[in-house]
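Everything on this sheet refers to the single structure shown next.
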Amino acid sequence: MSSASPAAWITGIGTIGPQGSGWQALCDALQQPTACFSHVPESWLQYPGAPDAFIASLNAESEQELRQFESVSTDRACALALRAASEAWAQAAPAVDPRRAGVYWGTGMGGLHTTESGYHRLLVDHAPLRPMTVVRIMGNSAAAQLAIQYKLQGPNHTYSVACASSASALGEALLALRAGRIDLALVGGSEAMLAPGVMAAWGALRVLSTRKTVESAELACRPFSSKRSGLVIGEGAAAFVLESPRHAMARGARPLAELVGYGTSCDAASLVHPQTAGQVYAIRQALDDAGLQPQDIGTVNAHATGTDAGDVAEAQALEQVFGAAIPPVSATKSQHGHLLGAAGALEAAVCVASLQQQLIPATLGSEPRDERCARLDVSAHPRTASLEYVLSNSFAFGGSNVSLIFKRAPSSQDTD
Amino acid sequence: MANTFERLIQLINTQHHLDTSAVTPETGLADVGLDSLAVAELLFSIEEEFGVDLGNVAPDAVPATVGEIVTLIDSSRAAS
């Protein structure tokens with residue numbers, strides 16, 4: 001085993017997404033997996049090219065809870081960020097030097113709802129735009145609002161790396177903690193892309209699961225299956241408090257899990273077609289960063305969106321890295337959909353839940369299997385397992401690849 | 001029907017989730033927690049909420065207190 005770089009402790013988690021509001025809702029959903037999918041609102045179908053697609057939206061209870069985080073200065077994506085962060089921050093309850101604490105946030109399209117409503121207001125209604133329009137749309141709006149809310153005066157960075165945005169944020173926060181630039185980071189991602197205009201754009205890409213090709217909402221996202229029909233876009237946010245172990249121990253905090261490895265690469269080949277070689281490099285880099293060998297990984301949370309190009313490239317990458325001993329794989333987008341810029345963060349939360357519950361999540365609808373993905377050990381039901389390390393992949397449009405490795409929380413004897 | 005002051009406080013609460021329990025007409029807008037952009041947004045909303053046109057407010061006449069906004073609304077309504 002090569003030498004490992006220092007880890008970061010996760011001392012707080014908060015989530016809101018298609019599976020419900022709060023970390024416990026996500027943990028419960030992994031135990032009783034269901035596909036949280038529905039159709040787009042009928043009213044959206046009036047627009048040219050609007051896809052008759054499936055989406056993974058918030059339930060009514062989560063929608064109600066989100067209201068207290070909405071204000072005149074928050075886009076929906078920002079309100080989701082504030083909701084997730086409030087839970088993570090309350091759980092960690094950190095005391096920190098404000099200048100030694102930063103925000104590392106990921107989002108693909110920032111204040112997309114405000115962009116769409118602004119265009120409608122100006123170009124259709126011929127009404128003037130509101131003064132808050134710019135600060136709601138700007139990509140770093142959520143990161144800035146989080147800093148204001150928690151008085152975090154250190155680095156404030158937003159990563160917009162499509163589907164690897166929040167995974168990048170987690171990895172870069174880990175590097176900043178290791179470098180000693182900060183003691184604590186509020187990290188995560190949020191995305192709210194369920195609006196008619198952007199869905200029409202996704203429809204034009206021809207990657208969405210739609211009613212033309214799918215029998216029921218339950219089977220809308222089927223990673224690794226020969227019956228796959230495309231991806232299902234979801235919305236939500238996940239937030240973490242990451243700390244250097246030294247800082248956390250000094251205040252008597254305990255970790256929920258550790259972030260121990262980060263690998264990142266760019267295919268530099270295509271905007272949309274993933275390349276196995278780039279993915280392999282990111283995974284191996286994460287293993288080296290954590291000082292691990294492939295056989296140390298207990299399970300893989302795959303990127304696996306349910307598209308032909310993506311699923312097959314990732315299956316090949318896993319074969320190259322793990323050889324004949326690929327650990328069990330899960331593709332939880334079959335449950336919560338693809339949260340795009342927030343996907344890496346939400347699936348990081350899934351990884352922490354896996355480690356805490358010693359559970360390999362289910363992958364729904366993966367049978368009948370695509371023969372090109374047949375070597376993957378995938379189950380339609382959650383499985384118990386002894387897990388020490390979990391690998392999570394986030395592979396983005398633009399060719400960016402991010403792999404993260406999480407470790408089960410050490411026992412108190414190990415850290416005292 | 002609520003008076004202008006009460007409706008204005010309600011509007012500020014809805015937009016910003018601020019604690020307005022101690023706000024009086026003499027309270028400065030900055031003391032309420034409203035920066036210049038938030039005041040611009042508030043004036044924009046007032047036009048919709050109260051059906052008035054504040055487009056002629058000179059830059060050096062932007063209200064500084066809650067009471068001054070109430071006066072601005074009431075005078076604009078009287079003028080229209």
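Naming scheme: A, B, ... for chains in displayed order of the structure tokens; residues 1 onward per chain; ligands 1 onward as shown.
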
> Residues of chain B within 12 Å of chain A, using only C-alpha atoms, as JSON, numbers by chain?
Replying inline: {"B": [11, 12, 13, 14, 15, 16, 17, 18, 34, 35, 36, 37, 38, 39, 40, 41, 42, 43, 44, 45, 46, 47, 48, 55]}

Restricting the output to N, CA and C atoms, write the selected residues as a PDB file, in the first residue's frame.
```pdb
ATOM      1  N   LEU B  11     -44.718  43.126   3.732  1.00  0.00           N
ATOM      2  CA  LEU B  11     -43.975  42.916   2.491  1.00  0.00           C
ATOM      3  C   LEU B  11     -42.496  42.623   2.794  1.00  0.00           C
ATOM      4  N   ILE B  12     -41.915  43.370   3.725  1.00  0.00           N
ATOM      5  CA  ILE B  12     -40.512  43.152   4.100  1.00  0.00           C
ATOM      6  C   ILE B  12     -40.345  41.762   4.695  1.00  0.00           C
ATOM      7  N   ASN B  13     -41.299  41.374   5.535  1.00  0.00           N
ATOM      8  CA  ASN B  13     -41.234  40.027   6.136  1.00  0.00           C
ATOM      9  C   ASN B  13     -41.264  38.944   5.069  1.00  0.00           C
ATOM     10  N   THR B  14     -42.159  39.102   4.117  1.00  0.00           N
ATOM     11  CA  THR B  14     -42.315  38.101   3.064  1.00  0.00           C
ATOM     12  C   THR B  14     -41.048  37.985   2.227  1.00  0.00           C
ATOM     13  N   GLN B  15     -40.425  39.113   1.963  1.00  0.00           N
ATOM     14  CA  GLN B  15     -39.270  39.105   1.068  1.00  0.00           C
ATOM     15  C   GLN B  15     -37.992  38.652   1.740  1.00  0.00           C
ATOM     16  N   HIS B  16     -37.812  38.985   3.007  1.00  0.00           N
ATOM     17  CA  HIS B  16     -36.480  38.801   3.604  1.00  0.00           C
ATOM     18  C   HIS B  16     -36.463  37.974   4.880  1.00  0.00           C
ATOM     19  N   HIS B  17     -37.588  37.599   5.420  1.00  0.00           N
ATOM     20  CA  HIS B  17     -37.621  36.831   6.670  1.00  0.00           C
ATOM     21  C   HIS B  17     -36.850  37.551   7.785  1.00  0.00           C
ATOM     22  N   LEU B  18     -36.985  38.868   7.851  1.00  0.00           N
ATOM     23  CA  LEU B  18     -36.287  39.628   8.883  1.00  0.00           C
ATOM     24  C   LEU B  18     -37.172  39.783  10.115  1.00  0.00           C
ATOM     25  N   LEU B  34     -31.688  45.925   5.532  1.00  0.00           N
ATOM     26  CA  LEU B  34     -31.848  46.072   4.082  1.00  0.00           C
ATOM     27  C   LEU B  34     -30.682  46.880   3.513  1.00  0.00           C
ATOM     28  N   ASP B  35     -29.885  46.265   2.627  1.00  0.00           N
ATOM     29  CA  ASP B  35     -28.845  47.026   1.952  1.00  0.00           C
ATOM     30  C   ASP B  35     -29.442  47.720   0.725  1.00  0.00           C
ATOM     31  N   SER B  36     -28.603  48.418  -0.044  1.00  0.00           N
ATOM     32  CA  SER B  36     -29.134  49.250  -1.132  1.00  0.00           C
ATOM     33  C   SER B  36     -29.864  48.405  -2.184  1.00  0.00           C
ATOM     34  N   LEU B  37     -29.348  47.206  -2.466  1.00  0.00           N
ATOM     35  CA  LEU B  37     -30.013  46.352  -3.445  1.00  0.00           C
ATOM     36  C   LEU B  37     -31.360  45.868  -2.920  1.00  0.00           C
ATOM     37  N   ALA B  38     -31.385  45.532  -1.639  1.00  0.00           N
ATOM     38  CA  ALA B  38     -32.641  45.086  -1.045  1.00  0.00           C
ATOM     39  C   ALA B  38     -33.683  46.205  -1.053  1.00  0.00           C
ATOM     40  N   VAL B  39     -33.233  47.439  -0.846  1.00  0.00           N
ATOM     41  CA  VAL B  39     -34.165  48.582  -0.905  1.00  0.00           C
ATOM     42  C   VAL B  39     -34.683  48.751  -2.334  1.00  0.00           C
ATOM     43  N   ALA B  40     -33.797  48.590  -3.317  1.00  0.00           N
ATOM     44  CA  ALA B  40     -34.229  48.684  -4.722  1.00  0.00           C
ATOM     45  C   ALA B  40     -35.279  47.619  -5.024  1.00  0.00           C
ATOM     46  N   GLU B  41     -35.047  46.411  -4.535  1.00  0.00           N
ATOM     47  CA  GLU B  41     -36.006  45.330  -4.742  1.00  0.00           C
ATOM     48  C   GLU B  41     -37.314  45.636  -4.028  1.00  0.00           C
ATOM     49  N   LEU B  42     -37.216  46.214  -2.845  1.00  0.00           N
ATOM     50  CA  LEU B  42     -38.420  46.556  -2.081  1.00  0.00           C
ATOM     51  C   LEU B  42     -39.242  47.611  -2.821  1.00  0.00           C
ATOM     52  N   LEU B  43     -38.567  48.622  -3.344  1.00  0.00           N
ATOM     53  CA  LEU B  43     -39.291  49.676  -4.083  1.00  0.00           C
ATOM     54  C   LEU B  43     -39.973  49.072  -5.319  1.00  0.00           C
ATOM     55  N   PHE B  44     -39.291  48.146  -5.946  1.00  0.00           N
ATOM     56  CA  PHE B  44     -39.856  47.461  -7.117  1.00  0.00           C
ATOM     57  C   PHE B  44     -41.139  46.720  -6.718  1.00  0.00           C
ATOM     58  N   SER B  45     -41.063  46.030  -5.592  1.00  0.00           N
ATOM     59  CA  SER B  45     -42.229  45.265  -5.135  1.00  0.00           C
ATOM     60  C   SER B  45     -43.368  46.174  -4.689  1.00  0.00           C
ATOM     61  N   ILE B  46     -42.996  47.307  -4.127  1.00  0.00           N
ATOM     62  CA  ILE B  46     -44.022  48.255  -3.674  1.00  0.00           C
ATOM     63  C   ILE B  46     -44.873  48.723  -4.859  1.00  0.00           C
ATOM     64  N   GLU B  47     -44.213  48.923  -6.001  1.00  0.00           N
ATOM     65  CA  GLU B  47     -44.971  49.355  -7.183  1.00  0.00           C
ATOM     66  C   GLU B  47     -46.038  48.328  -7.542  1.00  0.00           C
ATOM     67  N   GLU B  48     -45.689  47.045  -7.418  1.00  0.00           N
ATOM     68  CA  GLU B  48     -46.659  45.987  -7.729  1.00  0.00           C
ATOM     69  C   GLU B  48     -47.716  45.872  -6.630  1.00  0.00           C
ATOM     70  N   GLY B  55     -41.106  55.474 -10.265  1.00  0.00           N
ATOM     71  CA  GLY B  55     -40.031  55.647 -11.232  1.00  0.00           C
ATOM     72  C   GLY B  55     -39.384  57.004 -11.200  1.00  0.00           C
TER      73      GLY B  55
END
```

>> Report as a ChimeraX atom specification all protein, DNA and RNA residues lying within 10 Å of B:Glu68, evaluated on only C-alpha atoms, omitting residues in the same chain fewer than 6 positions from it.
In response: /B:25-29,61-62,74

>> According to DSSP computed on the backbone, where in chain B is there helix (DSSP H, G or I)? Give the residues as a ChimeraX atom specification.
In response: /B:4-16,29-32,36-50,59-61,66-79

>> At a cut-off of 6 Å, using only C-alpha atoms, what residues contact A:Thr299? Leave out same-chain residues fewer than 2 positions from it and give the result as JSON, numbers by chain.
In response: {"A": [297, 327, 328, 329, 390]}

Put those residues in a file: all heavy atoms, as a compact mmCIF listing (two decimals), in the first residue's frame.
```
# COMPACT_ATOMS: atom_id res chain seq x y z
N ILE A 297 -11.52 -1.48 -1.83
CA ILE A 297 -12.84 -0.84 -2.03
C ILE A 297 -13.95 -1.88 -1.83
O ILE A 297 -13.96 -2.92 -2.49
CB ILE A 297 -12.93 -0.23 -3.45
CG1 ILE A 297 -11.85 0.84 -3.63
CG2 ILE A 297 -14.33 0.35 -3.70
CD1 ILE A 297 -11.95 2.03 -2.70
N PRO A 327 -15.69 -4.89 -7.16
CA PRO A 327 -16.57 -4.94 -5.98
C PRO A 327 -18.03 -4.71 -6.38
O PRO A 327 -18.31 -4.23 -7.49
CB PRO A 327 -16.05 -3.81 -5.10
CG PRO A 327 -15.34 -2.88 -6.02
CD PRO A 327 -14.81 -3.71 -7.14
N PRO A 328 -18.97 -5.06 -5.52
CA PRO A 328 -20.38 -4.78 -5.84
C PRO A 328 -20.59 -3.31 -6.20
O PRO A 328 -19.96 -2.43 -5.62
CB PRO A 328 -21.10 -5.15 -4.54
CG PRO A 328 -20.21 -6.15 -3.89
CD PRO A 328 -18.81 -5.74 -4.23
N VAL A 329 -21.47 -3.09 -7.15
CA VAL A 329 -21.72 -1.74 -7.69
C VAL A 329 -23.17 -1.35 -7.44
O VAL A 329 -24.07 -2.20 -7.50
CB VAL A 329 -21.42 -1.72 -9.21
CG1 VAL A 329 -21.81 -0.38 -9.83
CG2 VAL A 329 -19.95 -2.02 -9.47
N VAL A 390 -15.60 3.15 0.38
CA VAL A 390 -16.57 3.22 -0.72
C VAL A 390 -16.04 4.22 -1.75
O VAL A 390 -15.58 5.31 -1.39
CB VAL A 390 -17.95 3.68 -0.22
CG1 VAL A 390 -18.91 3.88 -1.38
CG2 VAL A 390 -18.52 2.68 0.76
```

Give me the residues near stretch 4-7 of chain B as a short mmCIF file (atom, residue, chain, number, x, y, z; two decimals) with N, CA and C atoms, in the first residue's frame, where near means some atom within 9 Å (using only C-alpha atoms) and where sequence neighbours in that chain fewer than 5 positions away do not count.
```cif
data_model
loop_
_atom_site.label_atom_id
_atom_site.label_comp_id
_atom_site.auth_asym_id
_atom_site.auth_seq_id
_atom_site.Cartn_x
_atom_site.Cartn_y
_atom_site.Cartn_z
N ILE B 12 -41.91 43.37 3.73
CA ILE B 12 -40.51 43.15 4.10
C ILE B 12 -40.35 41.76 4.70
N THR B 24 -40.16 50.60 13.85
CA THR B 24 -41.08 51.74 13.93
C THR B 24 -40.88 52.59 12.68
N PRO B 25 -41.73 53.58 12.47
CA PRO B 25 -41.52 54.45 11.29
C PRO B 25 -40.16 55.14 11.29
N GLU B 49 -47.26 45.92 -5.39
CA GLU B 49 -48.16 45.69 -4.24
C GLU B 49 -49.16 46.83 -4.06
N PHE B 50 -48.68 48.07 -4.23
CA PHE B 50 -49.51 49.22 -3.95
C PHE B 50 -50.06 49.89 -5.22
N VAL B 66 -38.14 53.59 7.35
CA VAL B 66 -39.40 52.94 7.01
C VAL B 66 -40.50 53.99 6.84
N GLY B 67 -40.49 54.98 7.73
CA GLY B 67 -41.51 56.02 7.66
C GLY B 67 -41.44 56.81 6.36
N ILE B 69 -40.53 55.67 3.50
CA ILE B 69 -41.14 54.86 2.44
C ILE B 69 -42.66 54.95 2.52
N VAL B 70 -43.18 54.90 3.73
CA VAL B 70 -44.64 55.03 3.91
C VAL B 70 -45.12 56.35 3.31
N THR B 71 -44.37 57.41 3.61
CA THR B 71 -44.73 58.73 3.07
C THR B 71 -44.68 58.73 1.55
N ILE B 73 -45.07 56.20 -0.45
CA ILE B 73 -46.20 55.42 -1.00
C ILE B 73 -47.48 56.25 -0.95
N ASP B 74 -47.73 56.81 0.22
CA ASP B 74 -48.99 57.54 0.38
C ASP B 74 -49.06 58.76 -0.53
#
```

>> Can you tell me which residues surround stretch 216-232 of chain A at a distance of at most 8 Å, considering only C-alpha atoms, apart from same-chain residues fewer than 6 positions away, and format the answer as an MDAnalysis selection string?
In response: chainID A and resid 34:39 53:56 207:210 304:308 311:312 331 333:335 337:338 363:371 373
